[in-house]
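Text of the file target26.csv, holding CSV, C-alpha atoms:
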chain,number,residue,atom,x,y,z
W,1,MET,CA,14.7,36.1,96.5
W,2,ALA,CA,15.4,34.3,93.2
W,3,ASP,CA,14.8,30.9,94.8
W,4,LYS,CA,11.6,30.2,96.6
W,5,ARG,CA,12.0,29.5,100.3
W,6,ASP,CA,10.2,27.0,102.4
W,7,TYR,CA,7.1,28.6,103.8
W,8,TYR,CA,7.9,27.5,107.4
W,9,GLU,CA,11.4,29.0,107.0
W,10,VAL,CA,9.8,32.3,105.8
W,11,LEU,CA,7.7,32.6,108.9
W,12,GLY,CA,10.5,31.3,111.2
W,13,ILE,CA,8.3,28.5,112.6
W,14,PRO,CA,8.7,24.7,112.8
W,15,LYS,CA,6.5,22.3,110.8
W,16,THR,CA,4.7,21.4,114.0
W,17,ALA,CA,3.6,25.0,114.6
W,18,SER,CA,0.0,25.5,115.7
W,19,ALA,CA,-2.5,27.8,114.0
W,20,GLU,CA,-1.9,30.4,116.7
W,21,ASP,CA,1.9,30.2,116.2
W,22,ILE,CA,1.4,30.8,112.5
W,23,LYS,CA,-0.8,33.9,113.1
W,24,SER,CA,1.6,35.2,115.7
W,25,ALA,CA,4.6,34.9,113.4
W,26,PHE,CA,2.7,36.6,110.6
W,27,ARG,CA,1.7,39.5,112.8
W,28,LYS,CA,5.2,40.2,113.8
W,29,LEU,CA,6.8,39.9,110.3
W,30,ALA,CA,3.9,41.8,108.5
W,31,ARG,CA,4.4,44.8,110.8
W,32,GLN,CA,8.1,44.7,110.3
W,33,TYR,CA,8.2,44.5,106.5
W,34,HIS,CA,5.1,46.4,105.4
W,35,PRO,CA,6.4,48.7,102.7
W,36,ASP,CA,4.5,51.7,104.1
W,37,VAL,CA,6.7,51.6,107.2
W,38,ASN,CA,9.8,49.8,106.0
W,39,HIS,CA,11.6,51.6,103.1
W,40,GLU,CA,14.4,49.1,102.6
W,41,PRO,CA,14.8,48.1,98.9
W,42,ASP,CA,13.7,44.5,99.5
W,43,ALA,CA,10.9,45.2,102.0
W,44,GLU,CA,8.1,44.8,99.5
W,45,GLU,CA,9.4,41.4,98.2
W,46,LYS,CA,9.8,40.1,101.8
W,47,PHE,CA,6.3,41.4,102.6
W,48,LYS,CA,4.9,39.5,99.6
W,49,GLU,CA,6.8,36.4,100.6
W,50,ILE,CA,5.5,36.5,104.2
W,51,ASN,CA,1.9,37.0,103.1
W,52,GLU,CA,2.1,34.1,100.6
W,53,ALA,CA,3.5,31.8,103.3
W,54,PHE,CA,0.7,32.9,105.7
W,55,ALA,CA,-2.0,32.4,103.0
W,56,ILE,CA,-1.0,28.8,102.5
W,57,LEU,CA,-0.1,27.7,106.1
W,58,ASN,CA,-3.1,29.4,107.7
W,59,ASP,CA,-5.5,27.3,105.6
W,60,PRO,CA,-5.7,23.7,106.8
W,61,GLU,CA,-6.4,22.2,103.3
W,62,LYS,CA,-3.7,24.3,101.6
W,63,ARG,CA,-1.2,23.5,104.4
W,64,ALA,CA,-1.9,19.8,104.0
W,65,ALA,CA,-1.4,20.0,100.3
W,66,TYR,CA,1.9,21.9,100.8
W,67,ASP,CA,3.1,19.5,103.5
W,68,ARG,CA,2.5,16.5,101.2
W,69,TYR,CA,3.6,17.8,97.8
W,70,GLY,CA,5.6,20.9,98.5
W,71,PHE,CA,5.2,23.9,96.1
W,72,ALA,CA,3.8,21.6,93.5
W,73,GLY,CA,0.7,21.2,95.7
W,74,VAL,CA,-0.1,24.9,95.6
W,75,SER,CA,1.4,26.1,92.3
W,76,GLY,CA,-1.6,25.8,89.9
W,77,ASN,CA,-1.2,23.2,87.1
W,78,GLY,CA,-4.7,22.2,87.5
W,79,ASN,CA,-4.7,22.2,91.3
W,80,GLN,CA,-7.4,23.9,93.2
W,81,TRP,CA,-5.0,26.5,94.7
W,82,ASP,CA,-2.4,28.7,93.0
W,83,ALA,CA,0.0,30.5,95.4
W,84,SER,CA,1.2,32.7,92.6
W,85,SER,CA,-2.1,34.5,92.4
W,86,ILE,CA,-2.1,35.6,96.0
W,87,ASP,CA,-2.4,39.4,96.6
W,88,PRO,CA,-0.2,40.1,99.6
W,89,PHE,CA,-1.7,43.5,100.4
W,90,GLU,CA,-5.2,42.0,100.2
W,91,ILE,CA,-4.2,39.3,102.7
W,92,PHE,CA,-2.7,42.0,105.0
W,93,GLU,CA,-5.8,44.1,104.8
W,94,GLN,CA,-8.2,41.2,105.6
W,95,PHE,CA,-6.1,40.2,108.6
W,96,PHE,CA,-5.5,43.7,110.1
W,97,GLY,CA,-8.6,45.5,108.7
W,98,PHE,CA,-7.1,48.4,106.9
W,99,GLY,CA,-5.2,49.4,103.7
W,100,GLY,CA,-1.9,51.0,103.0
W,101,MET,CA,-0.7,54.4,101.8
W,102,GLY,CA,-1.3,54.7,98.1
W,103,GLY,CA,-0.7,51.1,97.1
W,104,SER,CA,-4.3,50.1,97.3
W,105,SER,CA,-5.3,52.3,94.4
W,106,ARG,CA,-2.9,50.6,92.0
W,107,ARG,CA,-4.0,47.2,93.3
W,108,ARG,CA,-7.7,47.7,93.0
W,109,ASN,CA,-7.4,49.1,89.5
W,110,SER,CA,-4.8,46.6,88.3
W,111,PRO,CA,-5.8,43.8,86.0
W,112,ARG,CA,-7.3,40.8,87.7
W,113,ARG,CA,-7.7,37.3,86.3
W,114,GLY,CA,-11.3,36.0,85.8
W,115,GLU,CA,-12.8,33.2,87.8
W,116,ASP,CA,-12.4,29.6,86.7
W,117,ILE,CA,-15.3,27.5,85.5
W,118,VAL,CA,-15.7,23.8,86.4
W,119,THR,CA,-17.9,21.4,84.5
W,120,SER,CA,-18.1,17.7,84.1
W,121,GLN,CA,-18.2,15.2,81.2
W,122,VAL,CA,-19.1,11.5,81.4
W,123,LEU,CA,-17.5,9.2,78.8
W,124,SER,CA,-18.1,5.7,77.8
W,125,PHE,CA,-15.3,3.2,78.4
W,126,GLU,CA,-14.6,3.2,74.6
W,127,GLU,CA,-14.4,7.0,74.4
W,128,ALA,CA,-11.9,7.0,77.3
W,129,PHE,CA,-9.8,4.4,75.4
W,130,PHE,CA,-9.8,5.9,71.9
W,131,GLY,CA,-10.5,9.6,72.7
W,132,ALA,CA,-13.4,11.6,71.4
W,133,ASP,CA,-14.6,15.0,70.4
W,134,LYS,CA,-17.3,16.0,72.9
W,135,ASP,CA,-19.8,18.9,72.6
W,136,ILE,CA,-20.1,20.8,75.9
W,137,SER,CA,-22.2,23.8,77.0
W,138,ILE,CA,-21.0,26.3,79.6
W,139,THR,CA,-22.7,29.5,80.9
W,140,ARG,CA,-20.3,32.4,81.2
W,141,GLU,CA,-20.0,36.2,80.9
W,142,GLU,CA,-19.5,37.4,77.3
W,143,VAL,CA,-18.9,41.0,76.0
W,144,CYS,CA,-22.3,42.6,75.5
W,145,GLN,CA,-23.2,42.6,71.8
W,146,VAL,CA,-25.1,45.8,72.1
W,147,CYS,CA,-22.6,48.2,73.8
W,148,LYS,CA,-19.5,46.2,72.9
W,149,GLY,CA,-18.4,46.1,76.6
W,150,THR,CA,-18.6,49.8,77.3
W,151,GLY,CA,-21.7,49.5,79.5
W,152,SER,CA,-23.1,52.6,77.9
W,153,GLU,CA,-26.2,52.8,75.7
W,154,PRO,CA,-25.0,53.2,72.1
W,155,GLY,CA,-24.6,56.9,71.2
W,156,THR,CA,-24.0,58.0,74.9
W,157,SER,CA,-20.7,58.4,76.8
W,158,THR,CA,-19.3,58.2,80.3
W,159,LYS,CA,-18.2,61.1,82.6
W,160,THR,CA,-15.7,61.4,85.4
W,161,CYS,CA,-17.0,60.3,88.8
W,162,ALA,CA,-17.7,63.3,91.0
W,163,THR,CA,-17.2,61.3,94.3
W,164,CYS,CA,-13.7,60.1,93.7
W,165,GLY,CA,-12.6,62.6,91.0
W,166,GLY,CA,-11.8,59.7,88.6
W,167,HIS,CA,-9.4,57.9,91.0
W,168,GLY,CA,-11.8,55.0,91.6
W,169,GLU,CA,-11.3,55.1,95.4
W,170,VAL,CA,-11.9,57.3,98.5
W,171,ARG,CA,-9.4,57.7,101.3
W,172,GLN,CA,-9.6,58.3,105.0
W,173,VAL,CA,-6.6,58.8,107.4
W,174,ARG,CA,-6.5,56.6,110.5
W,175,ASN,CA,-4.0,56.3,113.3
W,176,THR,CA,-2.8,52.7,113.8
W,177,PHE,CA,0.1,50.9,115.5
W,178,LEU,CA,2.0,51.4,112.2
W,179,GLY,CA,1.5,55.2,112.5
W,180,SER,CA,-0.8,57.3,110.3
W,181,MET,CA,-2.3,55.1,107.7
W,182,VAL,CA,-4.6,55.8,104.8
W,183,GLN,CA,-7.7,53.6,104.6
W,184,VAL,CA,-8.5,53.2,101.0
W,185,THR,CA,-11.8,51.9,99.8
W,186,THR,CA,-13.4,51.4,96.5
W,187,CYS,CA,-15.5,54.4,95.4
W,188,PRO,CA,-19.2,53.5,96.2
W,189,THR,CA,-20.4,55.6,93.3
W,190,CYS,CA,-18.4,54.3,90.4
W,191,GLY,CA,-17.3,50.9,91.8
W,192,GLY,CA,-13.6,51.8,91.3
W,193,ALA,CA,-14.0,52.6,87.6
W,194,GLY,CA,-13.4,56.3,88.0
W,195,LYS,CA,-16.1,57.0,85.5
W,196,VAL,CA,-19.9,57.0,85.7
W,197,ILE,CA,-22.1,55.8,82.9
W,198,GLU,CA,-24.7,58.5,81.9
W,199,LYS,CA,-27.1,56.1,80.4
W,200,PRO,CA,-26.6,52.3,81.0
W,201,CYS,CA,-26.9,49.9,78.1
W,202,HIS,CA,-30.4,48.5,78.0
W,203,ALA,CA,-29.1,45.0,77.3
W,204,CYS,CA,-26.5,44.5,80.0
W,205,HIS,CA,-27.6,47.3,82.4
W,206,GLY,CA,-24.2,49.0,82.4
W,207,HIS,CA,-22.2,45.8,83.3
W,208,GLY,CA,-20.6,45.5,79.8
W,209,TYR,CA,-21.1,41.8,79.9
W,210,GLU,CA,-24.1,39.5,79.5
W,211,THR,CA,-24.6,35.9,80.5
W,212,ARG,CA,-24.6,33.5,77.5
W,213,THR,CA,-24.5,29.8,76.9
W,214,ILE,CA,-21.4,28.8,74.9
W,215,HIS,CA,-21.2,25.6,72.9
W,216,LYS,CA,-17.8,24.2,72.3
W,217,THR,CA,-16.4,21.0,70.8
W,218,VAL,CA,-13.6,19.7,73.1
W,219,PRO,CA,-11.1,17.0,72.0
W,220,ILE,CA,-10.7,14.5,74.8
W,221,PRO,CA,-7.4,12.7,74.5
W,222,ALA,CA,-7.2,8.9,74.4
W,223,GLY,CA,-6.3,7.3,77.7
W,224,VAL,CA,-8.1,9.6,80.1
W,225,ASP,CA,-9.3,8.0,83.4
W,226,ASP,CA,-12.1,8.5,85.7
W,227,GLY,CA,-11.3,11.6,87.8
W,228,THR,CA,-9.0,13.1,85.1
W,229,GLN,CA,-9.2,16.9,85.0
W,230,ILE,CA,-8.7,18.7,81.7
W,231,ARG,CA,-7.8,22.4,81.7
W,232,LEU,CA,-8.7,24.8,78.8
W,233,SER,CA,-6.8,28.0,79.5
W,234,GLY,CA,-8.6,31.3,79.0
W,235,GLU,CA,-12.0,29.7,78.6
W,236,GLY,CA,-13.4,30.8,82.0
W,237,GLN,CA,-15.0,34.0,83.2
W,238,PRO,CA,-13.6,37.4,81.9
W,239,GLY,CA,-11.1,39.3,84.0
W,240,SER,CA,-11.5,42.8,85.4
W,241,ASN,CA,-9.6,45.9,84.4
W,242,GLY,CA,-8.2,44.2,81.3
W,243,GLY,CA,-7.2,41.1,83.1
W,244,PRO,CA,-7.1,37.7,81.4
W,245,ARG,CA,-10.0,35.2,81.5
W,246,GLY,CA,-9.9,32.4,84.0
W,247,ASN,CA,-9.7,28.7,82.9
W,248,LEU,CA,-12.2,26.1,82.2
W,249,TYR,CA,-11.8,22.8,84.0
W,250,ILE,CA,-13.5,19.6,82.7
W,251,LYS,CA,-13.8,16.8,85.2
W,252,ILE,CA,-13.9,13.4,83.5
W,253,GLY,CA,-16.1,10.5,84.5
W,254,VAL,CA,-16.0,7.1,82.8
W,255,ARG,CA,-18.9,4.6,82.7
W,256,PRO,CA,-17.9,1.0,83.4
W,257,HIS,CA,-17.8,-1.6,80.6
W,258,GLN,CA,-19.8,-4.8,80.4
W,259,TYR,CA,-16.7,-7.0,80.2
W,260,PHE,CA,-13.5,-4.9,80.5
W,261,ARG,CA,-12.0,-3.4,83.6
W,262,ARG,CA,-9.2,-0.9,84.0
W,263,LYS,CA,-6.2,-1.0,86.4
W,264,GLU,CA,-4.0,2.1,85.7
W,265,ASN,CA,-3.3,1.7,82.0
W,266,ASP,CA,-3.9,-2.0,81.7
W,267,VAL,CA,-7.2,-3.6,80.6
W,268,LEU,CA,-8.4,-6.6,82.5
W,269,LEU,CA,-10.7,-9.3,81.1
W,270,ASP,CA,-12.1,-12.4,82.8
W,271,LEU,CA,-12.3,-15.2,80.2
W,272,THR,CA,-14.1,-18.5,80.7
W,273,ILE,CA,-12.9,-21.7,78.9
W,274,ASN,CA,-14.2,-25.2,79.2
W,275,ILE,CA,-12.4,-28.0,80.9
W,276,ALA,CA,-11.3,-29.7,77.7
W,277,GLN,CA,-9.7,-26.5,76.4
W,278,ALA,CA,-7.9,-26.1,79.7
W,279,ALA,CA,-6.7,-29.7,79.8
W,280,LEU,CA,-5.8,-30.2,76.1
W,281,GLY,CA,-4.9,-26.6,75.2
W,282,ALA,CA,-6.6,-24.6,72.5
W,283,ASP,CA,-6.3,-21.6,70.2
W,284,ILE,CA,-9.1,-19.2,71.2
W,285,ASN,CA,-10.2,-15.7,70.0
W,286,VAL,CA,-10.0,-13.1,72.7
W,287,PRO,CA,-11.9,-9.8,72.5
W,288,THR,CA,-9.8,-6.6,73.1
W,289,MET,CA,-10.7,-3.0,72.8
W,290,GLN,CA,-9.1,-3.1,69.3
W,291,GLY,CA,-10.8,-6.2,68.0
W,292,GLU,CA,-10.3,-10.0,68.5
W,293,VAL,CA,-6.8,-11.5,68.7
W,294,LYS,CA,-5.8,-15.2,68.8
W,295,LEU,CA,-4.5,-16.6,72.1
W,296,SER,CA,-2.8,-20.0,72.4
W,297,VAL,CA,-3.8,-21.6,75.7
W,298,PRO,CA,-1.4,-24.3,76.6
W,299,ALA,CA,-2.5,-27.7,77.8
W,300,GLY,CA,-3.0,-27.9,81.5
W,301,THR,CA,-4.0,-24.3,82.0
W,302,GLN,CA,-5.5,-23.7,85.5
W,303,SER,CA,-8.1,-21.2,86.7
W,304,GLY,CA,-6.4,-18.0,87.6
W,305,LYS,CA,-3.8,-18.2,84.9
W,306,VAL,CA,-3.1,-14.7,83.6
W,307,PHE,CA,-2.0,-14.1,80.0
W,308,ARG,CA,-0.6,-10.7,79.0
W,309,LEU,CA,-1.4,-9.2,75.6
W,310,ARG,CA,1.3,-6.5,75.1
W,311,GLY,CA,0.2,-3.1,73.9
W,312,LYS,CA,-3.5,-3.8,74.0
W,313,GLY,CA,-4.2,-1.6,77.0
W,314,PHE,CA,-4.9,2.1,77.4
W,315,PRO,CA,-2.6,4.7,75.8
W,316,HIS,CA,-0.7,6.9,78.2
W,317,VAL,CA,-2.1,10.5,77.9
W,318,HIS,CA,1.3,12.1,78.2
W,319,SER,CA,3.5,9.6,76.2
W,320,ASN,CA,3.5,7.3,73.2
W,321,SER,CA,3.5,4.1,75.3
W,322,THR,CA,0.5,1.9,76.0
W,323,GLY,CA,-0.6,-0.5,78.7
W,324,ASP,CA,-1.3,-4.2,78.2
W,325,GLN,CA,-4.4,-6.4,78.4
W,326,LEU,CA,-4.4,-9.0,81.1
W,327,VAL,CA,-6.6,-12.0,80.4
W,328,VAL,CA,-7.6,-13.9,83.6
W,329,ILE,CA,-8.6,-17.5,82.8
W,330,ASP,CA,-11.5,-19.2,84.6
W,331,VAL,CA,-12.0,-22.9,83.9
W,332,ASP,CA,-15.7,-23.8,83.7
W,333,ILE,CA,-16.5,-27.0,85.5
W,334,PRO,CA,-19.8,-28.4,84.2
W,335,LYS,CA,-22.6,-28.7,86.7
W,336,ARG,CA,-24.6,-31.2,84.6
W,337,LEU,CA,-23.2,-34.0,82.5
W,338,THR,CA,-24.7,-36.2,79.9
W,339,LYS,CA,-24.5,-40.0,80.4
W,340,GLU,CA,-21.7,-40.1,77.8
W,341,GLN,CA,-19.8,-37.3,79.4
W,342,ARG,CA,-20.1,-38.9,82.9
W,343,GLU,CA,-18.7,-42.2,81.6
W,344,LEU,CA,-15.8,-40.3,80.0
W,345,PHE,CA,-15.0,-38.5,83.2
W,346,GLU,CA,-15.3,-41.7,85.3
W,347,ASN,CA,-12.8,-43.4,83.0
W,348,LEU,CA,-10.5,-40.3,83.3
W,349,ALA,CA,-10.8,-40.3,87.1
W,350,GLU,CA,-9.4,-43.8,87.3
W,351,THR,CA,-6.2,-42.6,85.7
W,352,LEU,CA,-5.7,-39.5,87.8
W,353,ASP,CA,-4.2,-39.0,91.3
W,354,SER,CA,-7.1,-38.8,93.8
W,355,GLU,CA,-5.1,-37.2,96.6
W,356,VAL,CA,-5.6,-33.5,97.4
W,357,HIS,CA,-2.6,-31.1,97.7
W,358,PRO,CA,-2.7,-27.9,99.8
W,359,GLN,CA,-1.6,-24.8,97.9
W,360,GLU,CA,1.2,-22.5,99.2
W,361,LYS,CA,-0.4,-19.4,97.7
W,362,SER,CA,-4.1,-18.6,97.1
W,363,PHE,CA,-5.5,-17.7,93.8
W,364,VAL,CA,-5.9,-14.1,95.0
W,365,ASP,CA,-2.2,-13.9,96.0
W,366,LYS,CA,-1.1,-15.2,92.6
W,367,LEU,CA,-3.3,-12.7,90.8
W,368,ARG,CA,-1.9,-9.9,92.9
W,369,GLU,CA,1.6,-10.9,92.0
W,370,VAL,CA,0.7,-10.7,88.3
W,371,LEU,CA,-1.1,-7.3,88.7
W,372,GLY,CA,1.6,-5.8,90.8
W,373,GLY,CA,-0.3,-5.5,94.1

Show me the file's structure as structure tokens.
Amino acid sequence: MADKRDYYEVLGIPKTASAEDIKSAFRKLARQYHPDVNHEPDAEEKFKEINEAFAILNDPEKRAAYDRYGFAGVSGNGNQWDASSIDPFEIFEQFFGFGGMGGSSRRRNSPRRGEDIVTSQVLSFEEAFFGADKDISITREEVCQVCKGTGSEPGTSTKTCATCGGHGEVRQVRNTFLGSMVQVTTCPTCGGAGKVIEKPCHACHGHGYETRTIHKTVPIPAGVDDGTQIRLSGEGQPGSNGGPRGNLYIKIGVRPHQYFRRKENDVLLDLTINIAQAALGADINVPTMQGEVKLSVPAGTQSGKVFRLRGKGFPHVHSNSTGDQLVVIDVDIPKRLTKEQRELFENLAETLDSEVHPQEKSFVDKLREVLGG
């Protein structure tokens, strides 16, 4: 069990299996390896493995993510799903409608991770390029400042729940296809805590937490792109029974720039030059995100010519490298000419080839070659 097995292999089904095939395989294996009826040493591990496989493959979105990316698609790391957090007994109980013998008490009272919080933050093009410290506000549960999380009014205490005797659950024996099973449910009186508050805190009403708005300054790294998701571990909702907090996810949006565009980590700029600069060549100042730089445009430059300014693009978030800036030249053909300009062009025309020549590749094709598709 040290190496994770393919989920289809775990359930003994092909990748083309239907939803009903998945459920049928799960029913058979779950009955066989439930630790309440199978006392082999590895039964519980196999049971967990079976339930994890079912939880992923029985959900169309999770199955699609697994089919495309493998375990990486369902292993957390900022993804929507995390197979490692699946409770196999909970899956079994939801599917079959009852609990096991004794195990439910430990599971219900075991530490549980808090829920994640998702928020969004819109950046300017410049902030995405250089990075920025952004102030965000989130609403989450915080330990009550009055009772310090006990749920009791200061000066009062709790007592053992009379309904469950402090166990946090009530039990009922049922006869099922697995034999005599104990249906275990959370105590309706104490909610599974095993203790009852004599006098609830007036501020949080016995909950132990109160909803507050938290203000945080979050450093946004240079190079983030539209759609980037930043994870702040342990900044989500509080866990239960001493479990850790969930995570805070910040979805990044980036506003477009007036002149610059982005392709992966490269910056694109359309730059217009006049016909004389294109024909004779010129040294021109080109704006970049880091200030102007001088660019030597050679004589005879055509519209669509792309110049690459190394290292003037976006920094890579996870490395020390940077993209480039691509300057796409557009030669401006004047629509109106003065008398003197017309005479000059007429004299020039007499010295030029008047024949037209079809191009093997279009401007768009040439541009795609430079930009890599």

Two-atom distance - atom CA of W:Thr288, atom CA of W:Gly304 (Å): 18.8 Å

Between atom CA of W:Asn247 and atom CA of W:Arg231 - distance in Å to one decimal: 6.7 Å

Restricting the calculation to only C-alpha atoms, which member of W:Ile117, W:Ala55, W:Val254, W:Val306 is positioned closest to W:Gly234?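 Checking each of W:Ile117, W:Ala55, W:Val254, W:Val306 against W:Gly234, counting only C-alpha atoms, the winner is W:Ile117.
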
Out of W:Asp266, W:Gln341, W:Pro238, W:Arg140, which residue has the shortest atom-to-atom distance to W:Arg308 when counting all atoms listed in the file?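 Once distances to W:Arg308 are computed over all atoms listed in the file, the minimum belongs to W:Asp266.
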
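Excluding W:Pro221 itself and any same-chain residue fewer than 3 positions from it, the protein and nucleic acid residues within 12 Å of it, counting all atoms listed in the file, are Leu123, Glu126, Glu127, Ala128, Phe129, Phe130, Gly131, Ala132, Asp133, Lys134, Val218, Val224, Asp225, Thr228, Gln229, Ile230, Ile252, Phe314, Pro315, His316, Val317, His318 and Ser319 of chain W.
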
Counting all atoms listed in the file, the residue among W:Phe345, W:Arg262, W:Lys148, W:Val267 that lies closest to W:Arg310 is W:Val267

Reconstruct N, CA, C and O atoms of stretch 307-321 of chain W; output as a PDB file, in the frame of the given file.
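Final output, saved to selection.pdb:
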ATOM      1  N   PHE W 307      -2.785 -14.277  81.214  1.00  0.00           N
ATOM      2  CA  PHE W 307      -2.000 -14.100  80.000  1.00  0.00           C
ATOM      3  C   PHE W 307      -1.947 -12.569  79.706  1.00  0.00           C
ATOM      4  O   PHE W 307      -2.934 -11.849  79.882  1.00  0.00           O
ATOM      5  N   ARG W 308      -0.804 -12.108  79.271  1.00  0.00           N
ATOM      6  CA  ARG W 308      -0.600 -10.700  79.000  1.00  0.00           C
ATOM      7  C   ARG W 308      -0.516 -10.439  77.508  1.00  0.00           C
ATOM      8  O   ARG W 308       0.320 -11.030  76.811  1.00  0.00           O
ATOM      9  N   LEU W 309      -1.401  -9.585  77.012  1.00  0.00           N
ATOM     10  CA  LEU W 309      -1.400  -9.200  75.600  1.00  0.00           C
ATOM     11  C   LEU W 309      -0.721  -7.814  75.525  1.00  0.00           C
ATOM     12  O   LEU W 309      -1.305  -6.797  75.921  1.00  0.00           O
ATOM     13  N   ARG W 310       0.498  -7.776  75.059  1.00  0.00           N
ATOM     14  CA  ARG W 310       1.300  -6.500  75.100  1.00  0.00           C
ATOM     15  C   ARG W 310       0.663  -5.478  74.143  1.00  0.00           C
ATOM     16  O   ARG W 310       0.245  -5.762  73.021  1.00  0.00           O
ATOM     17  N   GLY W 311       0.625  -4.250  74.664  1.00  0.00           N
ATOM     18  CA  GLY W 311       0.200  -3.100  73.900  1.00  0.00           C
ATOM     19  C   GLY W 311      -1.290  -3.042  73.585  1.00  0.00           C
ATOM     20  O   GLY W 311      -1.726  -2.223  72.763  1.00  0.00           O
ATOM     21  N   LYS W 312      -2.085  -3.851  74.283  1.00  0.00           N
ATOM     22  CA  LYS W 312      -3.500  -3.800  74.000  1.00  0.00           C
ATOM     23  C   LYS W 312      -4.287  -3.081  75.143  1.00  0.00           C
ATOM     24  O   LYS W 312      -5.508  -3.157  75.221  1.00  0.00           O
ATOM     25  N   GLY W 313      -3.549  -2.328  75.958  1.00  0.00           N
ATOM     26  CA  GLY W 313      -4.200  -1.600  77.000  1.00  0.00           C
ATOM     27  C   GLY W 313      -4.425  -0.122  76.621  1.00  0.00           C
ATOM     28  O   GLY W 313      -4.370   0.246  75.446  1.00  0.00           O
ATOM     29  N   PHE W 314      -4.661   0.721  77.618  1.00  0.00           N
ATOM     30  CA  PHE W 314      -4.900   2.100  77.400  1.00  0.00           C
ATOM     31  C   PHE W 314      -3.663   2.871  76.990  1.00  0.00           C
ATOM     32  O   PHE W 314      -2.587   2.598  77.536  1.00  0.00           O
ATOM     33  N   PRO W 315      -3.758   3.806  76.073  1.00  0.00           N
ATOM     34  CA  PRO W 315      -2.600   4.700  75.800  1.00  0.00           C
ATOM     35  C   PRO W 315      -2.329   5.603  76.937  1.00  0.00           C
ATOM     36  O   PRO W 315      -3.261   6.031  77.623  1.00  0.00           O
ATOM     37  N   HIS W 316      -1.072   5.922  77.170  1.00  0.00           N
ATOM     38  CA  HIS W 316      -0.700   6.900  78.200  1.00  0.00           C
ATOM     39  C   HIS W 316      -1.009   8.304  77.604  1.00  0.00           C
ATOM     40  O   HIS W 316      -0.617   8.604  76.471  1.00  0.00           O
ATOM     41  N   VAL W 317      -1.684   9.127  78.386  1.00  0.00           N
ATOM     42  CA  VAL W 317      -2.100  10.500  77.900  1.00  0.00           C
ATOM     43  C   VAL W 317      -0.873  11.308  77.568  1.00  0.00           C
ATOM     44  O   VAL W 317      -0.884  12.069  76.589  1.00  0.00           O
ATOM     45  N   HIS W 318       0.202  11.200  78.362  1.00  0.00           N
ATOM     46  CA  HIS W 318       1.300  12.100  78.200  1.00  0.00           C
ATOM     47  C   HIS W 318       2.560  11.436  77.559  1.00  0.00           C
ATOM     48  O   HIS W 318       3.674  11.956  77.651  1.00  0.00           O
ATOM     49  N   SER W 319       2.365  10.273  76.923  1.00  0.00           N
ATOM     50  CA  SER W 319       3.500   9.600  76.200  1.00  0.00           C
ATOM     51  C   SER W 319       2.936   8.768  75.115  1.00  0.00           C
ATOM     52  O   SER W 319       1.737   8.649  74.932  1.00  0.00           O
ATOM     53  N   ASN W 320       3.857   8.163  74.362  1.00  0.00           N
ATOM     54  CA  ASN W 320       3.500   7.300  73.200  1.00  0.00           C
ATOM     55  C   ASN W 320       3.317   5.857  73.631  1.00  0.00           C
ATOM     56  O   ASN W 320       3.039   5.018  72.773  1.00  0.00           O
ATOM     57  N   SER W 321       3.532   5.525  74.887  1.00  0.00           N
ATOM     58  CA  SER W 321       3.500   4.100  75.300  1.00  0.00           C
ATOM     59  C   SER W 321       2.010   3.740  75.626  1.00  0.00           C
ATOM     60  O   SER W 321       1.129   4.580  75.762  1.00  0.00           O
TER      61      SER W 321
END
